[in-house]
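J.: Sending over start03.txt (compact mmCIF, N, CA and C atoms).
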# COMPACT_ATOMS: atom_id res chain seq x y z
N MET A 1 -18.40 -27.23 -9.01
CA MET A 1 -19.06 -26.20 -9.78
C MET A 1 -19.25 -26.69 -11.22
N THR A 2 -20.38 -27.29 -11.47
CA THR A 2 -20.56 -27.85 -12.80
C THR A 2 -21.28 -26.92 -13.75
N MET A 3 -22.32 -26.26 -13.28
CA MET A 3 -23.18 -25.42 -14.12
C MET A 3 -23.80 -26.22 -15.26
N GLU A 4 -23.73 -27.55 -15.17
CA GLU A 4 -24.32 -28.39 -16.21
C GLU A 4 -25.68 -28.86 -15.76
N PHE A 5 -26.70 -28.44 -16.48
CA PHE A 5 -28.06 -28.82 -16.17
C PHE A 5 -28.64 -29.58 -17.35
N LYS A 6 -29.74 -30.25 -17.12
CA LYS A 6 -30.44 -30.92 -18.21
C LYS A 6 -31.89 -31.09 -17.80
N PHE A 7 -32.78 -30.56 -18.62
CA PHE A 7 -34.20 -30.77 -18.40
C PHE A 7 -34.88 -30.88 -19.76
N ASN A 8 -36.12 -31.31 -19.75
CA ASN A 8 -36.81 -31.67 -20.99
C ASN A 8 -38.13 -30.96 -21.15
N SER A 9 -38.64 -31.02 -22.38
CA SER A 9 -39.99 -30.56 -22.66
C SER A 9 -40.54 -31.42 -23.78
N THR A 10 -41.86 -31.38 -23.91
CA THR A 10 -42.52 -32.09 -25.01
C THR A 10 -43.41 -31.09 -25.73
N VAL A 11 -43.50 -31.25 -27.05
CA VAL A 11 -44.33 -30.39 -27.87
C VAL A 11 -45.21 -31.28 -28.75
N PHE A 12 -46.52 -31.07 -28.65
CA PHE A 12 -47.48 -31.86 -29.42
C PHE A 12 -48.17 -30.99 -30.46
N ARG A 13 -48.54 -31.59 -31.58
CA ARG A 13 -49.35 -30.92 -32.58
C ARG A 13 -50.78 -30.96 -32.07
N ASN A 14 -51.48 -29.84 -32.20
CA ASN A 14 -52.86 -29.74 -31.72
C ASN A 14 -53.85 -29.77 -32.88
N THR A 15 -54.77 -30.69 -32.82
CA THR A 15 -55.87 -30.72 -33.78
C THR A 15 -56.99 -29.83 -33.23
N VAL A 16 -58.01 -29.58 -34.02
CA VAL A 16 -59.16 -28.81 -33.55
C VAL A 16 -59.79 -29.51 -32.35
N GLU A 17 -59.85 -30.84 -32.38
CA GLU A 17 -60.42 -31.60 -31.26
C GLU A 17 -59.57 -31.40 -29.99
N ASP A 18 -58.23 -31.40 -30.17
CA ASP A 18 -57.34 -31.17 -29.03
C ASP A 18 -57.59 -29.78 -28.44
N GLN A 19 -57.72 -28.78 -29.30
CA GLN A 19 -57.93 -27.42 -28.83
C GLN A 19 -59.26 -27.29 -28.10
N LYS A 20 -60.30 -27.95 -28.61
CA LYS A 20 -61.60 -27.93 -27.92
C LYS A 20 -61.48 -28.56 -26.54
N ARG A 21 -60.74 -29.65 -26.46
CA ARG A 21 -60.55 -30.33 -25.18
C ARG A 21 -59.71 -29.47 -24.23
N LEU A 22 -58.62 -28.86 -24.76
CA LEU A 22 -57.75 -28.03 -23.93
C LEU A 22 -58.44 -26.78 -23.40
N TYR A 23 -59.22 -26.12 -24.25
CA TYR A 23 -59.82 -24.84 -23.88
C TYR A 23 -61.23 -24.97 -23.33
N GLY A 24 -61.86 -26.13 -23.50
CA GLY A 24 -63.19 -26.38 -22.95
C GLY A 24 -64.20 -25.33 -23.37
N ASP A 25 -64.91 -24.76 -22.38
CA ASP A 25 -65.96 -23.76 -22.64
C ASP A 25 -65.41 -22.48 -23.23
N LYS A 26 -64.12 -22.23 -23.06
CA LYS A 26 -63.51 -21.00 -23.57
C LYS A 26 -63.11 -21.11 -25.04
N TYR A 27 -63.25 -22.30 -25.62
CA TYR A 27 -62.87 -22.49 -27.03
C TYR A 27 -63.77 -21.64 -27.92
N ASP A 28 -63.15 -20.92 -28.85
CA ASP A 28 -63.88 -20.08 -29.80
C ASP A 28 -63.35 -20.41 -31.19
N SER A 29 -64.20 -20.95 -32.04
CA SER A 29 -63.77 -21.37 -33.38
C SER A 29 -63.31 -20.20 -34.23
N ASN A 30 -63.61 -18.97 -33.83
CA ASN A 30 -63.18 -17.79 -34.59
C ASN A 30 -61.78 -17.34 -34.22
N LYS A 31 -61.24 -17.87 -33.12
CA LYS A 31 -59.90 -17.49 -32.67
C LYS A 31 -58.85 -18.39 -33.30
N SER A 32 -57.64 -17.85 -33.36
CA SER A 32 -56.49 -18.62 -33.84
C SER A 32 -55.77 -19.22 -32.62
N TYR A 33 -55.56 -20.52 -32.63
CA TYR A 33 -54.89 -21.20 -31.53
C TYR A 33 -53.56 -21.77 -32.02
N PRO A 34 -52.61 -21.95 -31.12
CA PRO A 34 -51.31 -22.50 -31.53
C PRO A 34 -51.45 -23.91 -32.08
N GLU A 35 -50.71 -24.16 -33.14
CA GLU A 35 -50.73 -25.50 -33.74
C GLU A 35 -49.92 -26.48 -32.91
N LEU A 36 -48.95 -25.96 -32.16
CA LEU A 36 -48.10 -26.79 -31.32
C LEU A 36 -48.08 -26.21 -29.91
N THR A 37 -48.18 -27.07 -28.91
CA THR A 37 -48.04 -26.63 -27.52
C THR A 37 -47.29 -27.70 -26.75
N GLY A 38 -46.74 -27.29 -25.65
CA GLY A 38 -46.00 -28.25 -24.83
C GLY A 38 -45.70 -27.69 -23.46
N THR A 39 -44.94 -28.46 -22.73
CA THR A 39 -44.58 -28.10 -21.37
C THR A 39 -43.10 -28.37 -21.15
N ILE A 40 -42.45 -27.44 -20.48
CA ILE A 40 -41.06 -27.66 -20.09
C ILE A 40 -41.07 -28.16 -18.64
N SER A 41 -40.32 -29.18 -18.35
CA SER A 41 -40.27 -29.76 -17.01
C SER A 41 -38.87 -29.60 -16.45
N ILE A 42 -38.73 -28.69 -15.48
CA ILE A 42 -37.45 -28.45 -14.85
C ILE A 42 -37.48 -29.12 -13.49
N PRO A 43 -36.69 -30.19 -13.30
CA PRO A 43 -36.66 -30.84 -11.99
C PRO A 43 -36.16 -29.87 -10.92
N LYS A 44 -36.76 -29.93 -9.76
CA LYS A 44 -36.40 -29.04 -8.65
C LYS A 44 -34.90 -29.10 -8.36
N ALA A 45 -34.32 -30.29 -8.45
CA ALA A 45 -32.89 -30.45 -8.16
C ALA A 45 -32.02 -29.73 -9.19
N GLN A 46 -32.55 -29.45 -10.39
CA GLN A 46 -31.78 -28.77 -11.44
C GLN A 46 -31.86 -27.25 -11.33
N LEU A 47 -32.82 -26.73 -10.57
CA LEU A 47 -33.00 -25.28 -10.49
C LEU A 47 -31.76 -24.53 -10.00
N PRO A 48 -31.12 -24.95 -8.91
CA PRO A 48 -29.93 -24.20 -8.46
C PRO A 48 -28.82 -24.16 -9.53
N VAL A 49 -28.63 -25.25 -10.24
CA VAL A 49 -27.57 -25.30 -11.26
C VAL A 49 -27.95 -24.40 -12.44
N PHE A 50 -29.22 -24.43 -12.84
CA PHE A 50 -29.70 -23.59 -13.94
C PHE A 50 -29.56 -22.12 -13.57
N ILE A 51 -29.96 -21.77 -12.36
CA ILE A 51 -29.87 -20.38 -11.90
C ILE A 51 -28.41 -19.94 -11.80
N GLU A 52 -27.53 -20.82 -11.34
CA GLU A 52 -26.11 -20.49 -11.27
C GLU A 52 -25.57 -20.19 -12.68
N TYR A 53 -25.96 -21.01 -13.65
CA TYR A 53 -25.56 -20.78 -15.04
C TYR A 53 -26.04 -19.40 -15.51
N LEU A 54 -27.30 -19.09 -15.28
CA LEU A 54 -27.85 -17.80 -15.70
C LEU A 54 -27.14 -16.64 -14.98
N HIS A 55 -26.94 -16.80 -13.68
CA HIS A 55 -26.29 -15.75 -12.87
C HIS A 55 -24.90 -15.40 -13.40
N TRP A 56 -24.07 -16.42 -13.60
CA TRP A 56 -22.70 -16.16 -14.03
C TRP A 56 -22.61 -15.86 -15.52
N ALA A 57 -23.52 -16.38 -16.32
CA ALA A 57 -23.53 -16.06 -17.75
C ALA A 57 -23.79 -14.57 -17.96
N LEU A 58 -24.60 -13.97 -17.09
CA LEU A 58 -24.86 -12.53 -17.20
C LEU A 58 -23.59 -11.70 -17.04
N ARG A 59 -22.58 -12.27 -16.44
CA ARG A 59 -21.32 -11.55 -16.19
C ARG A 59 -20.28 -11.83 -17.27
N THR A 60 -20.74 -12.34 -18.41
CA THR A 60 -19.85 -12.62 -19.52
C THR A 60 -20.24 -11.75 -20.71
N GLU A 61 -19.48 -11.87 -21.78
CA GLU A 61 -19.78 -11.12 -22.98
C GLU A 61 -20.87 -11.85 -23.76
N LEU A 62 -22.07 -11.29 -23.77
CA LEU A 62 -23.21 -11.92 -24.42
C LEU A 62 -23.59 -11.16 -25.68
N LYS A 63 -24.29 -11.84 -26.56
CA LYS A 63 -24.74 -11.22 -27.82
C LYS A 63 -26.14 -10.64 -27.64
N THR A 64 -26.44 -9.66 -28.48
CA THR A 64 -27.77 -9.06 -28.51
C THR A 64 -28.57 -9.72 -29.62
N ASP A 65 -29.78 -10.14 -29.29
CA ASP A 65 -30.68 -10.72 -30.28
C ASP A 65 -31.41 -9.56 -30.95
N SER A 66 -31.27 -9.42 -32.27
CA SER A 66 -31.85 -8.28 -32.97
C SER A 66 -33.38 -8.33 -32.98
N TYR A 67 -33.96 -9.52 -32.96
CA TYR A 67 -35.42 -9.63 -32.95
C TYR A 67 -35.97 -9.22 -31.57
N LEU A 68 -35.34 -9.70 -30.52
CA LEU A 68 -35.79 -9.37 -29.16
C LEU A 68 -35.29 -7.99 -28.71
N ASN A 69 -34.26 -7.49 -29.40
CA ASN A 69 -33.63 -6.22 -29.07
C ASN A 69 -33.17 -6.20 -27.61
N ASP A 70 -32.52 -7.30 -27.23
CA ASP A 70 -32.02 -7.42 -25.86
C ASP A 70 -30.87 -8.43 -25.86
N VAL A 71 -30.06 -8.35 -24.82
CA VAL A 71 -28.98 -9.32 -24.62
C VAL A 71 -29.63 -10.64 -24.20
N VAL A 72 -29.10 -11.75 -24.72
CA VAL A 72 -29.69 -13.05 -24.42
C VAL A 72 -28.63 -14.02 -23.90
N ILE A 73 -29.07 -14.97 -23.08
CA ILE A 73 -28.22 -16.04 -22.59
C ILE A 73 -28.59 -17.29 -23.37
N PRO A 74 -27.66 -17.85 -24.13
CA PRO A 74 -28.01 -19.02 -24.93
C PRO A 74 -28.14 -20.29 -24.09
N VAL A 75 -29.13 -21.10 -24.44
CA VAL A 75 -29.35 -22.43 -23.87
C VAL A 75 -29.49 -23.38 -25.05
N LYS A 76 -28.70 -24.43 -25.04
CA LYS A 76 -28.71 -25.40 -26.14
C LYS A 76 -29.99 -26.24 -26.08
N ILE A 77 -30.59 -26.49 -27.25
CA ILE A 77 -31.78 -27.33 -27.35
C ILE A 77 -31.47 -28.47 -28.32
N SER A 78 -31.80 -29.69 -27.90
CA SER A 78 -31.69 -30.86 -28.77
C SER A 78 -33.08 -31.46 -28.87
N GLY A 79 -33.44 -32.00 -30.03
CA GLY A 79 -34.79 -32.51 -30.20
C GLY A 79 -34.86 -33.87 -30.88
N TRP A 80 -35.91 -34.61 -30.53
CA TRP A 80 -36.18 -35.91 -31.11
C TRP A 80 -37.67 -36.02 -31.40
N GLN A 81 -38.00 -36.59 -32.54
CA GLN A 81 -39.40 -36.88 -32.82
C GLN A 81 -39.71 -38.23 -32.20
N LYS A 82 -40.77 -38.28 -31.39
CA LYS A 82 -41.14 -39.51 -30.69
C LYS A 82 -42.62 -39.79 -30.89
N GLU A 83 -43.04 -40.91 -30.35
CA GLU A 83 -44.45 -41.29 -30.42
C GLU A 83 -44.90 -41.75 -29.05
N SER A 84 -46.07 -41.23 -28.61
CA SER A 84 -46.59 -41.60 -27.29
C SER A 84 -47.16 -43.02 -27.34
N LYS A 85 -47.49 -43.55 -26.17
CA LYS A 85 -48.04 -44.91 -26.08
C LYS A 85 -49.35 -45.04 -26.85
N ASN A 86 -50.10 -43.93 -26.94
CA ASN A 86 -51.37 -44.00 -27.68
C ASN A 86 -51.20 -43.65 -29.16
N GLY A 87 -49.95 -43.55 -29.61
CA GLY A 87 -49.67 -43.36 -31.04
C GLY A 87 -49.58 -41.93 -31.52
N LYS A 88 -49.65 -40.95 -30.62
CA LYS A 88 -49.57 -39.55 -31.03
C LYS A 88 -48.11 -39.13 -31.11
N LYS A 89 -47.72 -38.56 -32.26
CA LYS A 89 -46.34 -38.11 -32.45
C LYS A 89 -46.13 -36.78 -31.72
N PHE A 90 -44.91 -36.63 -31.18
CA PHE A 90 -44.57 -35.39 -30.49
C PHE A 90 -43.09 -35.13 -30.63
N LEU A 91 -42.70 -33.92 -30.31
CA LEU A 91 -41.31 -33.50 -30.33
C LEU A 91 -40.82 -33.45 -28.89
N SER A 92 -39.74 -34.16 -28.61
CA SER A 92 -39.14 -34.15 -27.28
C SER A 92 -37.89 -33.28 -27.35
N LEU A 93 -37.81 -32.31 -26.46
CA LEU A 93 -36.69 -31.37 -26.46
C LEU A 93 -35.92 -31.48 -25.15
N ALA A 94 -34.60 -31.39 -25.24
CA ALA A 94 -33.74 -31.40 -24.07
C ALA A 94 -32.95 -30.09 -24.05
N TYR A 95 -32.82 -29.49 -22.88
CA TYR A 95 -32.13 -28.21 -22.71
C TYR A 95 -30.87 -28.41 -21.88
N SER A 96 -29.79 -27.78 -22.32
CA SER A 96 -28.52 -27.85 -21.60
C SER A 96 -27.76 -26.54 -21.84
N PRO A 97 -26.70 -26.30 -21.06
CA PRO A 97 -25.98 -25.03 -21.23
C PRO A 97 -25.26 -24.96 -22.58
N ASP A 98 -25.18 -23.76 -23.11
CA ASP A 98 -24.34 -23.50 -24.27
C ASP A 98 -22.89 -23.62 -23.78
N TYR A 99 -22.10 -24.45 -24.45
CA TYR A 99 -20.76 -24.78 -23.95
C TYR A 99 -19.88 -23.54 -23.76
N LYS A 100 -19.77 -22.69 -24.78
CA LYS A 100 -18.90 -21.51 -24.69
C LYS A 100 -19.36 -20.57 -23.57
N THR A 101 -20.66 -20.39 -23.45
CA THR A 101 -21.19 -19.52 -22.41
C THR A 101 -20.92 -20.12 -21.03
N MET A 102 -21.09 -21.43 -20.90
CA MET A 102 -20.84 -22.10 -19.63
C MET A 102 -19.38 -21.95 -19.22
N MET A 103 -18.45 -22.10 -20.17
CA MET A 103 -17.03 -21.96 -19.85
C MET A 103 -16.71 -20.53 -19.43
N ALA A 104 -17.28 -19.55 -20.12
CA ALA A 104 -17.06 -18.14 -19.75
C ALA A 104 -17.68 -17.85 -18.38
N ALA A 105 -18.84 -18.44 -18.10
CA ALA A 105 -19.49 -18.25 -16.80
C ALA A 105 -18.64 -18.86 -15.68
N ARG A 106 -18.06 -20.02 -15.94
CA ARG A 106 -17.18 -20.65 -14.95
C ARG A 106 -15.97 -19.75 -14.65
N GLU A 107 -15.39 -19.17 -15.71
CA GLU A 107 -14.25 -18.28 -15.53
C GLU A 107 -14.65 -17.05 -14.71
N ALA A 108 -15.84 -16.51 -14.99
CA ALA A 108 -16.30 -15.34 -14.24
C ALA A 108 -16.49 -15.68 -12.77
N LYS A 109 -17.02 -16.85 -12.50
CA LYS A 109 -17.23 -17.26 -11.11
C LYS A 109 -15.89 -17.48 -10.41
N GLU A 110 -14.97 -18.16 -11.08
CA GLU A 110 -13.65 -18.42 -10.48
C GLU A 110 -12.92 -17.11 -10.19
N ALA A 111 -13.01 -16.15 -11.12
CA ALA A 111 -12.35 -14.86 -10.93
C ALA A 111 -12.94 -14.13 -9.72
N SER A 112 -14.25 -14.22 -9.55
CA SER A 112 -14.88 -13.53 -8.41
C SER A 112 -14.48 -14.18 -7.09
N GLU A 113 -14.24 -15.49 -7.11
CA GLU A 113 -13.84 -16.19 -5.89
C GLU A 113 -12.41 -15.85 -5.49
N LEU A 114 -11.57 -15.47 -6.48
CA LEU A 114 -10.18 -15.11 -6.20
C LEU A 114 -10.04 -13.67 -5.74
N ALA A 115 -10.99 -12.81 -6.13
CA ALA A 115 -10.92 -11.39 -5.78
C ALA A 115 -11.22 -11.20 -4.29
N PRO A 116 -10.51 -10.27 -3.67
CA PRO A 116 -10.80 -10.01 -2.24
C PRO A 116 -12.19 -9.40 -2.12
N PRO A 117 -12.87 -9.66 -1.02
CA PRO A 117 -14.21 -9.08 -0.86
C PRO A 117 -14.13 -7.56 -0.73
N ALA A 118 -15.12 -6.89 -1.25
CA ALA A 118 -15.17 -5.43 -1.16
C ALA A 118 -15.38 -5.04 0.30
N PRO A 119 -14.69 -3.98 0.76
CA PRO A 119 -14.86 -3.57 2.16
C PRO A 119 -16.26 -3.01 2.41
N THR A 120 -16.72 -3.19 3.63
CA THR A 120 -18.00 -2.60 4.02
C THR A 120 -17.78 -1.10 4.22
N VAL A 121 -18.86 -0.37 4.35
CA VAL A 121 -18.76 1.08 4.59
C VAL A 121 -18.01 1.33 5.89
N GLN A 122 -18.31 0.53 6.91
CA GLN A 122 -17.66 0.71 8.22
C GLN A 122 -16.16 0.44 8.11
N GLU A 123 -15.79 -0.62 7.36
CA GLU A 123 -14.36 -0.94 7.19
C GLU A 123 -13.66 0.18 6.43
N ALA A 124 -14.31 0.75 5.42
CA ALA A 124 -13.71 1.85 4.67
C ALA A 124 -13.53 3.07 5.56
N ALA A 125 -14.52 3.37 6.39
CA ALA A 125 -14.42 4.51 7.31
C ALA A 125 -13.30 4.28 8.33
N ASP A 126 -13.21 3.05 8.85
CA ASP A 126 -12.14 2.73 9.81
C ASP A 126 -10.77 2.90 9.17
N ASN A 127 -10.62 2.44 7.91
CA ASN A 127 -9.33 2.57 7.21
C ASN A 127 -8.98 4.03 6.98
N LEU A 128 -9.97 4.85 6.64
CA LEU A 128 -9.74 6.28 6.43
C LEU A 128 -9.31 6.94 7.74
N ALA A 129 -10.00 6.61 8.82
CA ALA A 129 -9.65 7.19 10.13
C ALA A 129 -8.25 6.77 10.53
N LYS A 130 -7.91 5.51 10.29
CA LYS A 130 -6.57 5.01 10.64
C LYS A 130 -5.50 5.72 9.80
N GLY A 131 -5.80 5.89 8.50
CA GLY A 131 -4.83 6.52 7.59
C GLY A 131 -4.61 7.99 7.87
N THR A 132 -5.57 8.65 8.44
CA THR A 132 -5.44 10.08 8.75
C THR A 132 -5.25 10.33 10.24
N ALA A 133 -5.05 9.27 10.98
CA ALA A 133 -4.89 9.35 12.44
C ALA A 133 -6.07 10.05 13.07
N GLY A 134 -7.21 9.94 12.43
CA GLY A 134 -8.44 10.52 12.97
C GLY A 134 -8.54 12.01 12.78
N THR A 135 -7.61 12.62 12.06
CA THR A 135 -7.60 14.06 11.87
C THR A 135 -8.52 14.44 10.72
N VAL A 136 -9.39 15.38 10.97
CA VAL A 136 -10.27 15.88 9.92
C VAL A 136 -9.61 17.14 9.36
N VAL A 137 -9.43 17.16 8.08
CA VAL A 137 -8.78 18.29 7.43
C VAL A 137 -9.84 19.14 6.76
N GLN A 138 -9.80 20.45 7.08
CA GLN A 138 -10.74 21.36 6.44
C GLN A 138 -9.95 22.20 5.46
N THR A 139 -10.50 22.31 4.26
CA THR A 139 -9.80 23.09 3.24
C THR A 139 -10.06 24.57 3.47
N GLN A 140 -9.10 25.36 3.14
CA GLN A 140 -9.19 26.81 3.24
C GLN A 140 -9.94 27.29 2.02
N GLN A 141 -10.99 28.07 2.26
CA GLN A 141 -11.74 28.64 1.15
C GLN A 141 -11.60 30.16 1.17
N ASP A 142 -11.26 30.72 0.04
CA ASP A 142 -11.18 32.17 -0.07
C ASP A 142 -12.58 32.73 -0.26
N ASP A 143 -12.79 33.85 0.37
CA ASP A 143 -14.06 34.53 0.19
C ASP A 143 -14.03 35.19 -1.18
N ILE A 144 -14.98 34.83 -2.01
CA ILE A 144 -14.96 35.37 -3.39
C ILE A 144 -15.55 36.76 -3.46
N PHE A 145 -16.06 37.31 -2.36
CA PHE A 145 -16.63 38.66 -2.38
C PHE A 145 -15.77 39.62 -1.64
Could you write out this structure as structure tokens?
T.:
Amino acid sequence: MTMEFKFNSTVFRNTVEDQKRLYGDKYDSNKSYPELTGTISIPKAQLPVFIEYLHWALRTELKTDSYLNDVVIPVKISGWQKESKNGKKFLSLAYSPDYKTMMAAREAKEASELAPPAPTVQEAADNLAKGTAGTVVQTQQDDIF
């Protein structure tokens, strides 16, 4: 149970020429376009580990982001400025679990594995019947009139 994932993204600065090329016929010089765009690449093999991290992190004490007005799961980002083979500079970003959150998520998962499984409805009914020897008890109600 590692919960340790790692995937990357790249972010490029967009010139007007880049935006025209990216948007093609839909390009409108009157619109505002992002100055930076990129793509995050999550390898298929990393998806189960990433999802496990998110799943168990939700069961920990998380902080609320005041801007988003919601509870958030932190993911660590590291970045490097690089240059492509054709000389275009870009930002390379790597994503990994937030260490404290990952440790808390591991604890939550381990605790759930130690807890006995919750009984099914049928098991609960069987236990009740066994405990009462199958006797149904009706309470005495006084007539209020």
J.: In Å, rounded to a single decimal, give me how far CA of Asp25 in chain A is from CA of Ser84 in chain A.
T.: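 Value for the CA of Ser84 in chain A-CA of Asp25 in chain A distance: 26.7 Å.
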J.: Please identify all polymer residues within 7 Å of range 30-43 of chain A, counting only C-alpha atoms, omitting same-chain residues fewer than 3 positions from it, and present them as a list in words.
T.: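 Result of the neighbour search: Phe7, Asn8, Ser9, Thr10, Val11, Phe12, Arg13, Asn14, Gln46 and Leu47 of chain A.
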J.: Would you save the residues of that selection, restricted to N, CA and C atoms, as a compact mmCIF listing (two decimals), keeping the file's coordinate frame?
T.:
# COMPACT_ATOMS: atom_id res chain seq x y z
N PHE A 7 -32.78 -30.56 -18.62
CA PHE A 7 -34.20 -30.77 -18.40
C PHE A 7 -34.88 -30.88 -19.76
N ASN A 8 -36.12 -31.31 -19.75
CA ASN A 8 -36.81 -31.67 -20.99
C ASN A 8 -38.13 -30.96 -21.15
N SER A 9 -38.64 -31.02 -22.38
CA SER A 9 -39.99 -30.56 -22.66
C SER A 9 -40.54 -31.42 -23.78
N THR A 10 -41.86 -31.38 -23.91
CA THR A 10 -42.52 -32.09 -25.01
C THR A 10 -43.41 -31.09 -25.73
N VAL A 11 -43.50 -31.25 -27.05
CA VAL A 11 -44.33 -30.39 -27.87
C VAL A 11 -45.21 -31.28 -28.75
N PHE A 12 -46.52 -31.07 -28.65
CA PHE A 12 -47.48 -31.86 -29.42
C PHE A 12 -48.17 -30.99 -30.46
N ARG A 13 -48.54 -31.59 -31.58
CA ARG A 13 -49.35 -30.92 -32.58
C ARG A 13 -50.78 -30.96 -32.07
N ASN A 14 -51.48 -29.84 -32.20
CA ASN A 14 -52.86 -29.74 -31.72
C ASN A 14 -53.85 -29.77 -32.88
N GLN A 46 -32.55 -29.45 -10.39
CA GLN A 46 -31.78 -28.77 -11.44
C GLN A 46 -31.86 -27.25 -11.33
N LEU A 47 -32.82 -26.73 -10.57
CA LEU A 47 -33.00 -25.28 -10.49
C LEU A 47 -31.76 -24.53 -10.00
J.: Give the padded box for range 25-39 of chain A as AutoDock Vina command-line options: axis-aligned, covering all atoms listed in the file, 3 Å on each side, centre and edge lengths in Å to one decimal.
T.:
--center_x -54.5 --center_y -22.9 --center_z -27.9 --size_x 28.9 --size_y 17.1 --size_z 19.4
J.: Apply DSSP to the backbone of this structure and, from chain A, keep only the residues in strand (DSSP E); write these as a PyMOL selection string.
T.: chain A and resi 7-13+36-41+64-65+70-71+75-83+89-97
J.: Let's see if you can do this: from backbone DSSP, list all helix (DSSP H, G or I) residues in range 95-135 of chain A, as a list in words.
T.: Tyr99, Lys100, Thr101, Met102, Met103, Ala104, Ala105, Arg106, Glu107, Ala108, Lys109, Glu110, Ala111, Ser112, Glu113, Leu114, Val121, Gln122, Glu123, Ala124, Ala125, Asp126, Asn127, Leu128, Ala129, Lys130 and Gly131 of chain A
J.: Could you please take those selected residues and save N, CA and C atoms as an mmCIF file, in the frame of the given file?
T.:
data_model
loop_
_atom_site.group_PDB
_atom_site.id
_atom_site.type_symbol
_atom_site.label_atom_id
_atom_site.label_comp_id
_atom_site.auth_asym_id
_atom_site.auth_seq_id
_atom_site.Cartn_x
_atom_site.Cartn_y
_atom_site.Cartn_z
ATOM 1 N N TYR A 99 -22.100 -24.450 -24.450
ATOM 2 C CA TYR A 99 -20.760 -24.780 -23.950
ATOM 3 C C TYR A 99 -19.880 -23.540 -23.760
ATOM 4 N N LYS A 100 -19.770 -22.690 -24.780
ATOM 5 C CA LYS A 100 -18.900 -21.510 -24.690
ATOM 6 C C LYS A 100 -19.360 -20.570 -23.570
ATOM 7 N N THR A 101 -20.660 -20.390 -23.450
ATOM 8 C CA THR A 101 -21.190 -19.520 -22.410
ATOM 9 C C THR A 101 -20.920 -20.120 -21.030
ATOM 10 N N MET A 102 -21.090 -21.430 -20.900
ATOM 11 C CA MET A 102 -20.840 -22.100 -19.630
ATOM 12 C C MET A 102 -19.380 -21.950 -19.220
ATOM 13 N N MET A 103 -18.450 -22.100 -20.170
ATOM 14 C CA MET A 103 -17.030 -21.960 -19.850
ATOM 15 C C MET A 103 -16.710 -20.530 -19.430
ATOM 16 N N ALA A 104 -17.280 -19.550 -20.120
ATOM 17 C CA ALA A 104 -17.060 -18.140 -19.750
ATOM 18 C C ALA A 104 -17.680 -17.850 -18.380
ATOM 19 N N ALA A 105 -18.840 -18.440 -18.100
ATOM 20 C CA ALA A 105 -19.490 -18.250 -16.800
ATOM 21 C C ALA A 105 -18.640 -18.860 -15.680
ATOM 22 N N ARG A 106 -18.060 -20.020 -15.940
ATOM 23 C CA ARG A 106 -17.180 -20.650 -14.950
ATOM 24 C C ARG A 106 -15.970 -19.750 -14.650
ATOM 25 N N GLU A 107 -15.390 -19.170 -15.710
ATOM 26 C CA GLU A 107 -14.250 -18.280 -15.530
ATOM 27 C C GLU A 107 -14.650 -17.050 -14.710
ATOM 28 N N ALA A 108 -15.840 -16.510 -14.990
ATOM 29 C CA ALA A 108 -16.300 -15.340 -14.240
ATOM 30 C C ALA A 108 -16.490 -15.680 -12.770
ATOM 31 N N LYS A 109 -17.020 -16.850 -12.500
ATOM 32 C CA LYS A 109 -17.230 -17.260 -11.110
ATOM 33 C C LYS A 109 -15.890 -17.480 -10.410
ATOM 34 N N GLU A 110 -14.970 -18.160 -11.080
ATOM 35 C CA GLU A 110 -13.650 -18.420 -10.480
ATOM 36 C C GLU A 110 -12.920 -17.110 -10.190
ATOM 37 N N ALA A 111 -13.010 -16.150 -11.120
ATOM 38 C CA ALA A 111 -12.350 -14.860 -10.930
ATOM 39 C C ALA A 111 -12.940 -14.130 -9.720
ATOM 40 N N SER A 112 -14.250 -14.220 -9.550
ATOM 41 C CA SER A 112 -14.880 -13.530 -8.410
ATOM 42 C C SER A 112 -14.480 -14.180 -7.090
ATOM 43 N N GLU A 113 -14.240 -15.490 -7.110
ATOM 44 C CA GLU A 113 -13.840 -16.190 -5.890
ATOM 45 C C GLU A 113 -12.410 -15.850 -5.490
ATOM 46 N N LEU A 114 -11.570 -15.470 -6.480
ATOM 47 C CA LEU A 114 -10.180 -15.110 -6.200
ATOM 48 C C LEU A 114 -10.040 -13.670 -5.740
ATOM 49 N N VAL A 121 -18.860 -0.370 4.350
ATOM 50 C CA VAL A 121 -18.760 1.080 4.590
ATOM 51 C C VAL A 121 -18.010 1.330 5.890
ATOM 52 N N GLN A 122 -18.310 0.530 6.910
ATOM 53 C CA GLN A 122 -17.660 0.710 8.220
ATOM 54 C C GLN A 122 -16.160 0.440 8.110
ATOM 55 N N GLU A 123 -15.790 -0.620 7.360
ATOM 56 C CA GLU A 123 -14.360 -0.940 7.190
ATOM 57 C C GLU A 123 -13.660 0.180 6.430
ATOM 58 N N ALA A 124 -14.310 0.750 5.420
ATOM 59 C CA ALA A 124 -13.710 1.850 4.670
ATOM 60 C C ALA A 124 -13.530 3.070 5.560
ATOM 61 N N ALA A 125 -14.520 3.370 6.390
ATOM 62 C CA ALA A 125 -14.420 4.510 7.310
ATOM 63 C C ALA A 125 -13.300 4.280 8.330
ATOM 64 N N ASP A 126 -13.210 3.050 8.850
ATOM 65 C CA ASP A 126 -12.140 2.730 9.810
ATOM 66 C C ASP A 126 -10.770 2.900 9.170
ATOM 67 N N ASN A 127 -10.620 2.440 7.910
ATOM 68 C CA ASN A 127 -9.330 2.570 7.210
ATOM 69 C C ASN A 127 -8.980 4.030 6.980
ATOM 70 N N LEU A 128 -9.970 4.850 6.640
ATOM 71 C CA LEU A 128 -9.740 6.280 6.430
ATOM 72 C C LEU A 128 -9.310 6.940 7.740
ATOM 73 N N ALA A 129 -10.000 6.610 8.820
ATOM 74 C CA ALA A 129 -9.650 7.190 10.130
ATOM 75 C C ALA A 129 -8.250 6.770 10.530
ATOM 76 N N LYS A 130 -7.910 5.510 10.290
ATOM 77 C CA LYS A 130 -6.570 5.010 10.640
ATOM 78 C C LYS A 130 -5.500 5.720 9.800
ATOM 79 N N GLY A 131 -5.800 5.890 8.500
ATOM 80 C CA GLY A 131 -4.830 6.520 7.590
ATOM 81 C C GLY A 131 -4.610 7.990 7.870
#
